[in-house]
Each structure stands twice: as structure tokens, then as C-alpha cells.
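Next comes entry-v1.txt, with compact mmCIF, C-alpha atoms.
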# COMPACT_ATOMS: atom_id res chain seq x y z
CA MET A 5 147.86 69.75 94.07
CA ARG A 6 147.05 73.41 93.45
CA ALA A 7 148.88 76.04 95.43
CA VAL A 8 149.84 79.69 95.43
CA VAL A 9 153.59 79.88 94.93
CA MET A 10 155.87 82.82 95.74
CA ARG A 11 158.10 82.99 92.69
CA ASN A 12 160.31 85.92 91.67
CA GLN A 13 158.53 88.20 94.18
CA GLN A 14 155.18 87.35 92.64
CA LEU A 15 152.31 85.12 93.72
CA VAL A 16 151.29 82.62 91.06
CA VAL A 17 148.79 79.77 91.06
CA ASP A 18 150.42 76.52 89.97
CA SER A 19 150.12 72.76 90.19
CA ILE A 20 152.89 71.23 92.29
CA PRO A 21 153.58 67.69 93.54
CA ASP A 22 151.65 66.54 96.60
CA PRO A 23 153.89 66.62 99.69
CA THR A 24 155.39 63.32 100.82
CA PRO A 25 155.61 62.68 104.56
CA ALA A 26 158.83 61.59 106.21
CA PRO A 27 158.79 59.18 109.16
CA GLY A 28 156.84 60.77 112.00
CA GLN A 29 154.90 63.05 109.63
CA ILE A 30 151.40 62.83 108.17
CA VAL A 31 149.58 64.43 105.26
CA VAL A 32 146.82 66.90 106.15
CA LYS A 33 144.29 68.74 104.03
CA THR A 34 144.41 72.51 104.53
CA LEU A 35 140.98 73.78 105.59
CA ALA A 36 141.74 77.44 106.33
CA CYS A 37 144.87 79.55 106.50
CA GLY A 38 145.22 83.17 107.57
CA ILE A 39 147.13 85.66 105.48
CA CYS A 40 149.71 87.15 107.82
CA GLY A 41 151.46 90.50 107.73
CA SER A 42 154.71 88.55 107.77
CA ASP A 43 153.69 87.01 104.44
CA LEU A 44 153.22 90.48 102.98
CA HIS A 45 156.68 91.35 104.30
CA ALA A 46 158.15 88.18 102.81
CA LEU A 47 156.77 88.95 99.37
CA LYS A 48 158.45 92.36 99.45
CA PHE A 49 161.46 91.83 101.71
CA ALA A 50 162.35 88.12 101.43
CA ASP A 51 166.05 88.77 100.85
CA ARG A 52 166.15 91.14 103.81
CA MET A 53 164.33 88.64 106.04
CA VAL A 54 166.93 86.00 105.23
CA ASP A 55 169.80 88.43 105.77
CA THR A 56 168.55 89.66 109.16
CA ALA A 57 167.94 86.05 110.27
CA ARG A 58 171.51 85.17 109.31
CA ARG A 59 172.93 88.19 111.12
CA SER A 60 170.80 87.30 114.15
CA GLY A 61 172.50 83.91 114.33
CA LEU A 62 169.46 81.97 113.13
CA PRO A 63 169.74 79.10 110.65
CA ALA A 64 168.81 79.63 107.01
CA PHE A 65 165.09 78.95 106.56
CA MET A 66 164.36 79.76 102.92
CA ASP A 67 165.98 80.58 99.59
CA PRO A 68 163.98 83.42 97.95
CA ALA A 69 165.34 82.36 94.54
CA ARG A 70 163.38 79.10 94.79
CA ASP A 71 159.63 78.50 94.96
CA ILE A 72 157.91 78.87 98.34
CA VAL A 73 154.31 78.03 99.28
CA MET A 74 153.59 80.38 102.17
CA GLY A 75 150.89 80.13 104.84
CA HIS A 76 151.54 79.40 108.53
CA GLU A 77 148.24 80.25 110.29
CA PHE A 78 146.21 77.15 109.61
CA CYS A 79 143.63 74.61 110.61
CA ALA A 80 143.82 71.31 108.74
CA GLU A 81 142.23 67.87 108.54
CA VAL A 82 144.01 64.55 108.97
CA VAL A 83 143.89 62.64 105.67
CA ASP A 84 144.92 59.17 106.85
CA SER A 85 144.56 57.58 110.27
CA VAL A 86 147.54 58.09 112.53
CA VAL A 87 148.74 54.85 114.09
CA GLY A 88 147.77 54.93 117.75
CA GLY A 89 146.57 58.48 117.41
CA LEU A 90 144.13 60.61 115.46
CA ALA A 91 141.56 59.29 113.01
CA ALA A 92 141.18 60.51 109.45
CA GLY A 93 138.94 63.56 109.34
CA THR A 94 140.15 64.95 112.68
CA ARG A 95 140.66 68.70 112.54
CA VAL A 96 144.02 69.80 113.90
CA CYS A 97 146.24 72.79 114.48
CA SER A 98 150.00 72.80 114.81
CA MET A 99 152.85 75.16 115.34
CA PRO A 100 154.16 75.93 111.83
CA ILE A 101 157.30 73.87 112.08
CA ALA A 102 158.22 70.41 110.90
CA PHE A 103 161.33 68.31 111.32
CA ASP A 104 162.88 65.23 109.81
CA ALA A 105 166.36 63.76 109.44
CA SER A 106 167.52 66.90 107.61
CA GLY A 107 166.54 69.23 110.46
CA ILE A 108 163.82 71.74 111.33
CA LYS A 109 161.81 73.52 108.64
CA THR A 110 159.51 76.52 109.03
CA ILE A 111 156.18 75.75 107.38
CA GLY A 112 155.16 78.67 105.21
CA TYR A 113 158.75 79.77 104.63
CA SER A 114 160.28 76.50 103.48
CA ASN A 115 161.37 75.61 99.96
CA ASP A 116 160.80 71.93 100.70
CA LEU A 117 157.50 71.76 102.58
CA PRO A 118 154.39 73.65 101.41
CA GLY A 119 152.44 75.93 103.71
CA GLY A 120 148.74 76.60 104.00
CA TYR A 121 148.31 78.31 100.63
CA GLY A 122 148.28 74.82 99.11
CA GLU A 123 145.68 72.07 99.25
CA TYR A 124 147.86 69.73 101.34
CA MET A 125 150.66 69.98 103.89
CA VAL A 126 152.74 67.56 105.93
CA LEU A 127 152.92 68.00 109.71
CA ASN A 128 154.70 66.15 112.47
CA GLU A 129 152.42 63.84 114.44
CA MET A 130 153.86 64.83 117.81
CA LEU A 131 152.98 68.51 117.27
CA LEU A 132 149.34 67.99 116.30
CA LEU A 133 146.66 69.51 118.52
CA PRO A 134 143.08 68.32 117.90
CA VAL A 135 140.61 71.19 117.63
CA PRO A 136 138.55 71.00 120.86
CA ASN A 137 134.98 71.83 121.83
CA GLY A 138 133.67 71.95 118.27
CA LEU A 139 135.57 75.20 117.70
CA ALA A 140 134.85 76.58 114.23
CA THR A 141 137.59 75.87 111.70
CA GLU A 142 137.96 79.53 110.79
CA VAL A 143 138.55 80.50 114.42
CA ALA A 144 140.93 77.59 115.04
CA ALA A 145 143.02 78.91 112.14
CA LEU A 146 143.61 82.06 114.21
CA THR A 147 145.44 80.14 116.94
CA GLU A 148 148.84 81.07 115.55
CA PRO A 149 148.36 84.86 115.31
CA MET A 150 146.53 85.00 118.65
CA ALA A 151 149.40 83.08 120.26
CA VAL A 152 151.72 85.93 119.23
CA GLY A 153 149.70 88.30 121.41
CA TRP A 154 149.53 85.81 124.28
CA HIS A 155 153.33 85.45 124.18
CA ALA A 156 153.88 89.22 124.04
CA VAL A 157 151.78 89.79 127.16
CA ASN A 158 153.55 86.96 128.96
CA LYS A 159 156.96 88.41 128.10
CA ALA A 160 155.78 91.78 129.41
CA ASN A 161 155.41 90.32 132.92
CA PHE A 162 151.98 91.93 133.10
CA THR A 163 150.35 92.67 136.45
CA THR A 164 146.82 93.91 137.04
CA ASN A 165 148.25 97.19 138.34
CA ASP A 166 149.60 98.01 134.87
CA VAL A 167 147.70 100.34 132.54
CA PRO A 168 148.46 99.03 129.05
CA LEU A 169 148.54 101.10 125.88
CA VAL A 170 148.45 99.21 122.56
CA VAL A 171 149.81 101.25 119.67
CA GLY A 172 148.46 99.84 116.41
CA CYS A 173 145.31 97.72 116.12
CA GLY A 174 146.10 95.46 113.20
CA PRO A 175 145.96 91.69 113.81
CA VAL A 176 148.99 91.76 116.10
CA GLY A 177 147.62 94.61 118.22
CA LEU A 178 144.20 92.95 118.37
CA ALA A 179 145.82 89.72 119.57
CA VAL A 180 147.61 91.66 122.32
CA ILE A 181 144.35 93.34 123.36
CA ALA A 182 142.56 89.99 123.56
CA ALA A 183 145.37 88.54 125.67
CA LEU A 184 145.37 91.54 128.00
CA LYS A 185 141.61 91.14 128.47
CA VAL A 186 142.03 87.51 129.49
CA LYS A 187 144.74 88.54 131.96
CA GLY A 188 142.40 91.03 133.64
CA ALA A 189 143.90 94.30 132.40
CA ALA A 190 141.80 97.42 132.98
CA PRO A 191 141.60 99.85 131.43
CA ILE A 192 143.08 98.76 128.09
CA ILE A 193 143.86 101.76 125.91
CA ALA A 194 144.35 101.27 122.16
CA ALA A 195 145.39 103.67 119.42
CA ASP A 196 144.99 103.46 115.64
CA TYR A 197 144.24 105.87 112.81
CA SER A 198 141.74 103.46 111.23
CA PRO A 199 138.10 103.69 112.43
CA LYS A 200 137.58 100.05 111.42
CA ARG A 201 140.50 98.88 113.52
CA ARG A 202 139.45 100.98 116.49
CA GLU A 203 136.04 99.33 116.26
CA LEU A 204 137.65 95.89 116.22
CA ALA A 205 139.82 96.86 119.20
CA LEU A 206 136.67 97.51 121.22
CA GLN A 207 135.21 94.17 120.15
CA LEU A 208 138.39 92.34 121.20
CA GLY A 209 138.43 93.96 124.64
CA ALA A 210 139.81 97.50 124.59
CA ASP A 211 138.16 99.92 127.02
CA VAL A 212 139.35 103.16 125.40
CA VAL A 213 140.27 103.77 121.75
CA ILE A 214 142.15 106.80 120.49
CA ASP A 215 142.64 108.26 117.02
CA PRO A 216 146.26 109.56 117.14
CA GLY A 217 145.33 112.10 114.49
CA VAL A 218 142.88 113.70 116.92
CA GLY A 219 144.33 113.16 120.40
CA SER A 220 147.46 111.90 122.13
CA PRO A 221 147.41 108.23 123.20
CA TYR A 222 149.87 109.14 125.95
CA ALA A 223 147.64 111.89 127.32
CA SER A 224 144.79 109.39 127.35
CA TRP A 225 147.00 106.93 129.21
CA ALA A 226 147.86 109.58 131.80
CA ALA A 227 144.20 110.45 132.28
CA HIS A 228 143.53 106.84 133.31
CA ALA A 229 146.79 106.00 135.09
CA VAL A 230 147.61 109.10 137.15
CA PRO A 231 145.59 109.27 140.39
CA GLU A 232 143.93 112.43 141.59
CA GLY A 233 146.35 114.69 143.40
CA CYS A 234 149.41 113.23 141.70
CA ASP A 235 151.66 115.48 139.63
CA PRO A 236 153.94 113.11 137.65
CA ASN A 237 156.54 115.87 137.26
CA SER A 238 156.66 117.06 140.85
CA ALA A 239 159.80 116.55 142.92
CA MET A 240 157.90 114.45 145.45
CA THR A 241 156.53 112.11 142.78
CA LEU A 242 159.95 111.77 141.13
CA MET A 243 161.43 110.79 144.51
CA GLY A 244 158.74 108.16 144.99
CA MET A 245 156.81 110.03 147.64
CA GLY A 246 153.04 110.45 147.73
CA PRO A 247 150.58 109.09 145.15
CA GLN A 248 152.26 107.48 142.15
CA PRO A 249 151.04 106.82 138.59
CA ARG A 250 150.15 103.23 137.82
CA PRO A 251 152.86 101.45 135.82
CA GLY A 252 152.91 102.09 132.08
CA LEU A 253 153.03 99.13 129.69
CA ILE A 254 153.15 100.02 125.99
CA PHE A 255 152.91 97.53 123.15
CA GLU A 256 154.32 98.78 119.83
CA CYS A 257 152.35 96.79 117.24
CA VAL A 258 152.94 98.81 114.08
CA GLY A 259 156.43 97.89 112.84
CA VAL A 260 156.99 101.05 110.79
CA PRO A 261 160.15 103.17 111.04
CA GLY A 262 159.73 106.08 113.42
CA VAL A 263 156.99 104.57 115.58
CA LEU A 264 159.33 103.19 118.23
CA GLN A 265 160.92 106.63 118.61
CA GLN A 266 157.45 108.14 119.01
CA VAL A 267 156.74 105.63 121.77
CA VAL A 268 160.03 106.41 123.52
CA VAL A 269 159.23 110.13 123.43
CA GLY A 270 155.60 109.69 124.52
CA ALA A 271 156.07 106.99 127.16
CA PRO A 272 155.81 107.89 130.85
CA ARG A 273 158.80 107.44 133.13
CA HIS A 274 159.69 103.85 134.06
CA ALA A 275 157.39 102.44 131.35
CA ARG A 276 157.95 99.01 129.86
CA ILE A 277 157.82 98.97 126.06
CA VAL A 278 157.16 95.68 124.28
CA VAL A 279 158.03 95.70 120.57
CA VAL A 280 155.71 93.27 118.80
CA GLY A 281 155.44 94.90 115.36
CA VAL A 282 158.11 93.68 112.92
CA CYS A 283 159.97 96.55 111.29
CA MET A 284 161.93 95.32 108.26
CA GLU A 285 163.84 98.54 107.77
CA SER A 286 166.54 100.34 109.74
CA ASP A 287 165.17 102.53 112.49
CA THR A 288 166.53 104.94 115.07
CA ILE A 289 165.70 105.98 118.61
CA GLU A 290 167.27 108.52 120.93
CA PRO A 291 168.76 106.46 123.77
CA ALA A 292 169.22 109.54 125.99
CA ILE A 293 165.45 109.96 126.21
CA GLY A 294 165.06 106.33 127.23
CA ILE A 295 167.85 106.75 129.76
CA ASN A 296 166.30 109.88 131.26
CA LYS A 297 162.99 108.06 131.67
CA GLU A 298 164.56 104.71 132.66
CA LEU A 299 162.51 102.89 130.03
CA ASN A 300 162.63 99.15 129.58
CA ILE A 301 162.39 97.89 125.96
CA GLN A 302 161.57 94.23 125.30
CA PHE A 303 161.55 92.71 121.79
CA VAL A 304 159.40 89.60 121.28
CA LEU A 305 159.04 86.88 118.65
CA GLY A 306 156.52 84.08 118.20
CA TYR A 307 155.45 81.88 121.14
CA THR A 308 156.31 78.68 122.96
CA PRO A 309 154.62 75.31 122.33
CA GLN A 310 152.81 75.70 125.65
CA GLU A 311 151.57 79.18 124.73
CA PHE A 312 150.34 77.90 121.36
CA ALA A 313 148.34 75.13 123.06
CA GLU A 314 147.04 77.54 125.70
CA THR A 315 145.82 79.90 122.99
CA LEU A 316 143.90 77.15 121.21
CA GLY A 317 142.28 76.36 124.56
CA LEU A 318 141.35 79.98 125.20
CA LEU A 319 139.67 80.16 121.78
CA ALA A 320 137.84 76.87 122.31
CA GLU A 321 136.62 77.94 125.77
CA GLY A 322 135.31 81.25 124.43
CA LYS A 323 137.68 83.29 126.60
CA ILE A 324 138.98 84.91 123.42
CA ASP A 325 136.45 85.78 120.74
CA ALA A 326 138.58 86.21 117.63
CA LEU A 327 135.77 85.82 115.11
CA PRO A 328 135.35 89.61 114.53
CA MET A 329 138.91 89.71 113.18
CA ILE A 330 137.94 87.65 110.12
CA THR A 331 136.93 90.17 107.47
CA GLY A 332 137.22 88.06 104.33
CA LYS A 333 137.64 84.59 102.85
CA VAL A 334 139.16 83.68 99.50
CA GLY A 335 140.05 80.64 97.44
CA ILE A 336 143.44 79.94 95.89
CA ASP A 337 142.78 82.03 92.80
CA ALA A 338 142.07 85.15 94.87
CA ILE A 339 144.97 84.99 97.36
CA ALA A 340 147.16 87.39 95.39
CA GLY A 341 144.33 89.92 95.31
CA ALA A 342 143.84 89.49 99.06
CA PHE A 343 147.46 90.51 99.62
CA ALA A 344 146.68 93.80 97.88
CA ASP A 345 143.41 94.22 99.79
CA LEU A 346 145.19 93.91 103.13
CA ALA A 347 147.03 97.13 102.38
CA HIS A 348 143.77 98.96 103.17
CA PRO A 349 143.27 98.90 106.96
CA ASP A 350 139.73 100.25 106.77
CA ARG A 351 138.60 97.23 104.76
CA HIS A 352 140.28 94.20 106.30
CA ALA A 353 141.93 92.82 109.42
CA LYS A 354 142.35 89.10 108.69
CA ILE A 355 141.59 87.35 105.40
CA LEU A 356 141.46 83.55 105.40
CA ALA A 357 142.54 81.47 102.46
CA GLU A 358 140.43 78.34 101.95
CA PRO A 359 142.31 76.31 99.32
CA TRP A 360 139.34 74.07 98.49
CA ARG A 361 136.93 77.03 98.16
Rendering of file as C-alpha cells:
Amino acid sequence: MRAVVMRNQQLVVDSIPDPTPAPGQIVVKTLACGICGSDLHALKFADRMVDTARRSGLPAFMDPARDIVMGHEFCAEVVDSVVGGLAAGTRVCSMPIAFDASGIKTIGYSNDLPGGYGEYMVLNEMLLLPVPNGLATEVAALTEPMAVGWHAVNKANFTTNDVPLVVGCGPVGLAVIAALKVKGAAPIIAADYSPKRRELALQLGADVVIDPGVGSPYASWAAHAVPEGCDPNSAMTLMGMGPQPRPGLIFECVGVPGVLQQVVVGAPRHARIVVVGVCMESDTIEPAIGINKELNIQFVLGYTPQEFAETLGLLAEGKIDALPMITGKVGIDAIAGAFADLAHPDRHAKILAEPWR
């Protein structure tokens, strides 16, 4: 089969053997696969990703010195009938993991199993979720990235009294905004330098969008969260007397060094900060500022199987409209160019690879 292979920190189109299923696995045809920011990170920082995983106590998941077919945001089609299960031609989604006698493998970052940048994959039967309600293939492929936002909001212990601020409106921030909208958040405030991404934030459910180069996201938050007659810095307010600001809930969805410190400095007292953006470099914050404000910082990763299935349901029921996020589609021969295009936030949010295109 044809696939895009990560080899020596380059993306090359090559012919590789078709994947062979182990017991409990089936072969699927890749219909659409999103290009994720994590894939851009892997191309540049693969060694660092492996090292940080090791130092985090996680098992080894890839060897950057060997070929890898990336792609973990996919919708696929069953090739052969599954005994007692799904018929050939059924469109499915799955969490991007697979397991056999040798253990668990991460699809898209495995040296042994190809991801969605190839024409075929193997998936475990027990993890397959049929695409419901005639949901479009391209939208079903967004289940994985949208599940990241759903998980982040769940980990934040959101309540409808919170006033959320989403810092960064790339795909991760947009997924958080969509999840907040489903949960009933109002108002949802979002900040990004890119006019295109601010526009998408509004389409996904943000109520207020801010250009940080023009105004302060934190001042905008205060304008919507602090009730009339409340002085957040007064002695009475600090002692919990009189009108109080609504709780602050800030999602850091950028993942660039220095942004978390900006959030710590800008956040209101007692705010909860949820770090969703993946920063691959060392970063620093001033703990004393967080201590003085009694901030709560929560780091998040991925999603649970239940959250993944819930997200597919939300897309199929129309409760999340993720279609505006798709800003491009490419075939195998143009995937490498799409990686470069995604560096321009005013042009693209999510590009889908369609291997048979």
C-alpha cells in the first residue's frame, strides 16, 4: 500500500507492506485522517517526545530511528466482515490504540502498525464504533481531536457559574469551546491573534473573541465575570463578603513557552487553569504569583473510552458542529505540504488527509 512515512525527520511517500491483523484485529481502509498538531511536534521533536514519555513513567511507544506512519484522527471502512459483528463497508471510528500478544501500541506513533496516513490500518474489533446517523466521514474523523476538548472540560469540573476563557483558538482551543458550549457555558471568551481563528471560535460557540494584540483577554473576562458594585481588590471582596466575581476557568491551548506564565499573571484570584496545549520545551512560571492568587493548575491528556464514544455521539446528533474546522483536504502526495501549510494560522485549522484521493 502507499503511505506517508516519517523517516529521518522527513515525510516521504513510499510503498510499504499491507498491515496484517493479529487475532482480534481487522483490516480497515482509511477514509479520512486529520493532521494533528502533535504530528507536527513529532516530526520536529520525536526524540524529545520519547524522552519525556520515558521520564513520565510511560512505556516506550516509538523508535524515531525507524519508519513511522503517523495519523491518529481517522474514520475508516471495514474491509472484511467481522464475525458476529460489523459488515464489510461499515464506516467506523476507534481510539488510536491497538493491542495484541506483544502489548498495547499507539496507532500513528507505532513502528509496527501504520496510522491514517496510509491506505490501510489494522484496528481491534472490540474498540470499533460504527459511525451513527449518517454522519459525514470528514466530520467523523474529527472525533479524536474533539474528544480532547470534551475531556479537558470534564477534568475542569465545569459548572454553569464559571466564566471560561480559552487562550488559543487552534484545533485544541476550538474543541474546548465546542465542549463548553454543549455544557451550557455562558459567556465563553476566547483569545487568539489570528482573525481566521477568532472567526472559527465564534462559529464553534464562543460568545466573545479577543485579539490579545489589541486588548487584554483578562480585562474582557473581568468585564463579564465581575458583577456591578463588586471591587475584586477590595478588603470586603477578598474576605468573601458582598458580591463576588464568578469563578474563573482558563484553558491554556497554545503550548508555547511563556504562555502559561502569562496566564498565571493574568488570571483572577482562585482561578482554575487547565493546560491543554502541549509545550515540548522547558518552561517556567513564578509559583509565588500562583500562591498569592491561590490558583489551581490542572494538566490534561487525551480522553477516556467513554469520552471518545460520547464525542462521536455529540457530532452525530449535531450538538457539536465541527465542520467549519475543516479548511483543507489532501491526498497522500500532498501531506508533507499540508504540514508546512498548517504553520500559517490564518489559512488553516484542520487539514484532512484522504489516502485514496
Find the residues of range 78-179 of chain A that sit at most 9 Å from range 255-258 of chain A; for each, write down the nearest two atoms and how far apart they are in Å, to one decimal. Count only C-alpha atoms. Sort by chain, then by number going up, and give it as a tab-separated table.
residue	atom	partner	partner_atom	distance
A:Ala156	CA	A:Phe255	CA	8.4
A:Val157	CA	A:Phe255	CA	8.8
A:Ala160	CA	A:Phe255	CA	9.0
A:Pro168	CA	A:Phe255	CA	7.5
A:Leu169	CA	A:Phe255	CA	6.3
A:Val170	CA	A:Phe255	CA	4.8
A:Val171	CA	A:Glu256	CA	5.1
A:Gly172	CA	A:Cys257	CA	5.0
A:Cys173	CA	A:Cys257	CA	7.2
A:Gly174	CA	A:Cys257	CA	7.6
A:Pro175	CA	A:Cys257	CA	8.9
A:Val176	CA	A:Cys257	CA	6.2
A:Gly177	CA	A:Cys257	CA	5.3
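Atom pair CA of Gly294 in chain A / CA of Thr308 in chain A: separated by 29.3 Å.
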Exercise for the section: Would you please work out which residue, of A:Val282, A:Leu305, A:Ala226, A:Leu139, is nearest to Asn158 in chain A when using only C-alpha atoms? Expected result: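 Nearest candidate to Asn158 in chain A out of A:Val282, A:Leu305, A:Ala226, A:Leu139: A:Leu305.
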Handout entry: Closest of A:Pro236, A:Pro349, A:Pro291, A:Gly244 to Leu204 in chain A - atom-to-atom distances counting all atoms listed in the file
Key = A:Pro349
Exercise for the section: Quote the spacing between CA of Leu15 in chain A and CA of Asp350 in chain A in Å to one decimal place. Expected result: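 According to the coordinates, CA of Leu15 in chain A and CA of Asp350 in chain A are separated by 23.6 Å.
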Problem - Among listed residues A:Ser85, A:Ser286, A:Thr34, A:Gln13, nearest Leu264 in chain A (using only C-alpha atoms) - result: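 Looking at the shortest contact to Leu264 in chain A, the residue is A:Ser286.
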Problem - Nearest candidate to Glu123 in chain A (options A:Ala102, A:Cys234, A:Cys37, A:Ala57; using only C-alpha atoms) - result: A:Cys37
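Here CA of Gly38 in chain A is placed at a distance of 27.8 Å from CA of Phe162 in chain A.
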Practice task
For each of A:Pro21, A:Ile339, A:Leu127, A:Pro231, take the minimum atom-to-atom distance to Leu356 in chain A, counting all atoms listed in the file, then give the residue where this is smallest.
Solution key: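 Of the candidates, the smallest distance to Leu356 in chain A is held by A:Ile339.
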Practice task
For Asn165 in chain A, list every protein, DNA or RNA residue within 9 Å, evaluated using all atoms listed in the file, and leave out those in the same chain fewer than 2 positions away; present the list as an NGL selection string.
Solution key: :A and (162-163 or 167 or 189-190 or 250-251)
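A distance cut-off of 12 Å around (133.2, 86.7, 104.6), counting only C-alpha atoms, selects these protein and nucleic acid residues: Glu142, Leu327, Pro328, Met329, Ile330, Thr331, Gly332, Lys333, Val334, Gly335, Arg351, His352, Ala353, Lys354, Ile355, Leu356, Ala357 and Glu358 of chain A.
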Exercise for the section: Would you kindly return, as number ranges by chain, each protein, DNA or RNA residue with an atom no farther than 9 Å from any atom of Arg202 in chain A, considering all atoms listed in the file and excluding same-chain residues fewer than 6 positions away? Expected result: A: 173, 194-196, 210, 213-215
Exercise for the section: Go through A:Ala292, A:Ile108, A:Met284, A:Ile301 and flag the residue nearest Met53 in chain A, using only C-alpha atoms for the distances. Expected result: A:Met284
What residues have an atom no more than 10 Å from (166.9, 83.3, 99.8) in the file's own frame, counting only C-alpha atoms, and can you write them as an mmCIF file with C-alpha atoms, keeping the file's coordinate frame?
data_model
loop_
_atom_site.group_PDB
_atom_site.id
_atom_site.type_symbol
_atom_site.label_atom_id
_atom_site.label_comp_id
_atom_site.auth_asym_id
_atom_site.auth_seq_id
_atom_site.Cartn_x
_atom_site.Cartn_y
_atom_site.Cartn_z
ATOM 1 C CA ALA A 50 162.350 88.120 101.430
ATOM 2 C CA ASP A 51 166.050 88.770 100.850
ATOM 3 C CA ARG A 52 166.150 91.140 103.810
ATOM 4 C CA MET A 53 164.330 88.640 106.040
ATOM 5 C CA VAL A 54 166.930 86.000 105.230
ATOM 6 C CA ASP A 55 169.800 88.430 105.770
ATOM 7 C CA ALA A 64 168.810 79.630 107.010
ATOM 8 C CA PHE A 65 165.090 78.950 106.560
ATOM 9 C CA MET A 66 164.360 79.760 102.920
ATOM 10 C CA ASP A 67 165.980 80.580 99.590
ATOM 11 C CA PRO A 68 163.980 83.420 97.950
ATOM 12 C CA ALA A 69 165.340 82.360 94.540
ATOM 13 C CA ARG A 70 163.380 79.100 94.790
ATOM 14 C CA ASP A 71 159.630 78.500 94.960
ATOM 15 C CA ASN A 115 161.370 75.610 99.960
#
